[in-house]
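> Right, I'll just put the structure down here and ask away after.
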Amino acid sequence: MTNYTSNDARRLEMIEELYQRYGRQTGGQSIIRRLRFWRKKYAWTIVVGSTALLKRLIDIAVSGAMLLALSPLFLAVAAAIKLTDRGPVLFWQMRVGQWGREFAFPKFRSMVVDAEKLKDAILEQSHHQDSVTFKMKKDPRVTWIGGIIRKVSIDELPQLWNVLKGDMSLVGPRPPVPREVEQYSLADRRRLDVTPGLTSPWAVAGRGDIPFDQQVDLDVQYIESQSLWLDIKILFKTIPAVLFGKGAY
């Protein structure tokens with residue numbers, strides 16, 4: 001299976017630079033060698049582009065089908081949330097996507113209505129100490145119905161709409177909030193080189209139990225070795241990760 005990475009543009013720039021440096025030697029450069037160079041360059045561009053297009057088509061087909069198939073579940077969850085505390089069904093938040101572009105990110109509301117205002121008061125209780133991410137076991141802001149839907153990641157399902165729109169992909173690094181990105185180092189920003197995903201390598205490896213630095217390492221490994229086959233494996237690993245709820249809180 002052909003691999004594709006977010007560094008394809010950079011690699012093409014490197015090829016171009018090598019050509020400019022070594023490909024314009026006076027007198028000795030043959031037409032055949034030049035044609036071979038351009039053939040390889042555009043063949044690589046076509047392969048990378050077609051693989052990315054196939055990934056996008058899969059995202060559209062799967063997210064669209066799941067939105068239709070899960071619509072009864074969506075209605076049931078929406079009714080349960082509305083009946084328990086009469087607040088809004090969805091919680092909207094700004095997230096950071098590829099190359100720093102922000103987009104609106106929906107979740108089924110699993111916390112009390114003023115959860116974001118209460119967050120500052122409990123930041124020191126984060127399970128991820130000395131980290132840019134906030135994770136807390138037994139978060140007091142979580143409602144009883146919220147605890148159930150968070151355990152099996154039902155609260156994340158509205159993001160299928162983002163996948164359908166193209167803000168997200170089925171697989172990729174999870175999109176961070178702007179507040180976290182402000183604390184990113186240059187190395188951490190490597191996570192923003194690709195379209196964020198509904199599920200990710202660290203999400204299937206332990207979710208909230210994975211510390212931030214390991215999340216970055218796993219995301220970078222994914223970015224540098226992307227393939228459709230790898231995406232399929234991560235999607236299949238997501239099923240037991242969701243069912244057993246490891247690291248979900």
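Please note that chains go A, B, ... in the order of the structure tokens, that every chain numbers its residues from 1, and that ligands are numbered from 1 in the order shown.
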When you look at Phe108 of chain A with a cut-off of 7 Å (counting only C-alpha atoms), what residues show up, excluding the ones that are within fewer than 6 positions of it in the same chain? I need them as JSON, numbers by chain.
{"A": [89, 90, 91, 155, 156, 158]}
> Can you tell me which residues surround Asp114 of chain A at a distance of at most 12 Å, considering only C-alpha atoms, apart from same-chain residues fewer than 6 positions away, and format the answer as a ChimeraX atom specification?
/A:87-88,91,120,140-143
> Closest to Leu235 of chain A among A:Ala115, A:Arg101, A:Val62, A:Gln215, using only C-alpha atoms?
A:Val62
> Under the rule that only C-alpha atoms are counted, which of A:Lys117, A:Arg95, A:Lys165, A:Arg34 is the nearest residue to Gly64 of chain A?
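Distance minimum relative to Gly64 of chain A lands on A:Lys165.
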> Give the helix (DSSP H, G or I) residues of segment 128-168 of chain A, as assigned by DSSP on the backbone, as a ChimeraX atom specification.
/A:144-151,154-165
> Any chance you could export the current selection's C-alpha atoms as a PDB file, in the first residue's frame?

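So out_27.pdb came out as:
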ATOM      1  CA  TRP A 144     -24.507  11.230  35.289  1.00  0.00           C
ATOM      2  CA  ILE A 145     -25.685  10.760  31.707  1.00  0.00           C
ATOM      3  CA  GLY A 146     -22.454  12.388  30.568  1.00  0.00           C
ATOM      4  CA  GLY A 147     -20.418   9.775  32.392  1.00  0.00           C
ATOM      5  CA  ILE A 148     -22.177   7.036  30.446  1.00  0.00           C
ATOM      6  CA  ILE A 149     -21.764   8.546  26.991  1.00  0.00           C
ATOM      7  CA  ARG A 150     -18.149   9.545  27.664  1.00  0.00           C
ATOM      8  CA  LYS A 151     -17.244   6.020  28.734  1.00  0.00           C
ATOM      9  CA  ILE A 154     -20.783   8.444  22.202  1.00  0.00           C
ATOM     10  CA  ASP A 155     -20.246  12.108  23.020  1.00  0.00           C
ATOM     11  CA  GLU A 156     -17.708  12.310  20.170  1.00  0.00           C
ATOM     12  CA  LEU A 157     -20.044  11.031  17.435  1.00  0.00           C
ATOM     13  CA  PRO A 158     -21.334  14.479  16.312  1.00  0.00           C
ATOM     14  CA  GLN A 159     -17.815  15.052  14.973  1.00  0.00           C
ATOM     15  CA  LEU A 160     -18.755  12.768  12.079  1.00  0.00           C
ATOM     16  CA  TRP A 161     -20.247  15.978  10.686  1.00  0.00           C
ATOM     17  CA  ASN A 162     -16.770  17.560  10.765  1.00  0.00           C
ATOM     18  CA  VAL A 163     -15.399  14.531   8.926  1.00  0.00           C
ATOM     19  CA  LEU A 164     -18.090  14.860   6.263  1.00  0.00           C
ATOM     20  CA  LYS A 165     -17.320  18.588   5.877  1.00  0.00           C
TER      21      LYS A 165
END
> What does the distance between atom CA of Val181 of chain A and atom CA of Phe103 of chain A come to in Å, to one decimal place?
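Taking atom CA of Val181 of chain A as the start and atom CA of Phe103 of chain A as the end point, the length is 13.8 Å.
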> Report, in Å to a single decimal, how far apart atom CA of Leu198 of chain A and atom CA of Leu170 of chain A are.
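Separating atom CA of Leu170 of chain A from atom CA of Leu198 of chain A is a distance of 4.9 Å.
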> Please measure the separation of atom CA of Glu224 of chain A and atom CA of Pro196 of chain A, giving the value in Å to one decimal.
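Going from atom CA of Glu224 of chain A over to atom CA of Pro196 of chain A, I get 14.5 Å.
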> I need the residue nearest Arg189 of chain A from this list: A:Trp229, A:Trp99, A:Phe74, A:Phe105. Use only C-alpha atoms for the distance.
A:Trp99
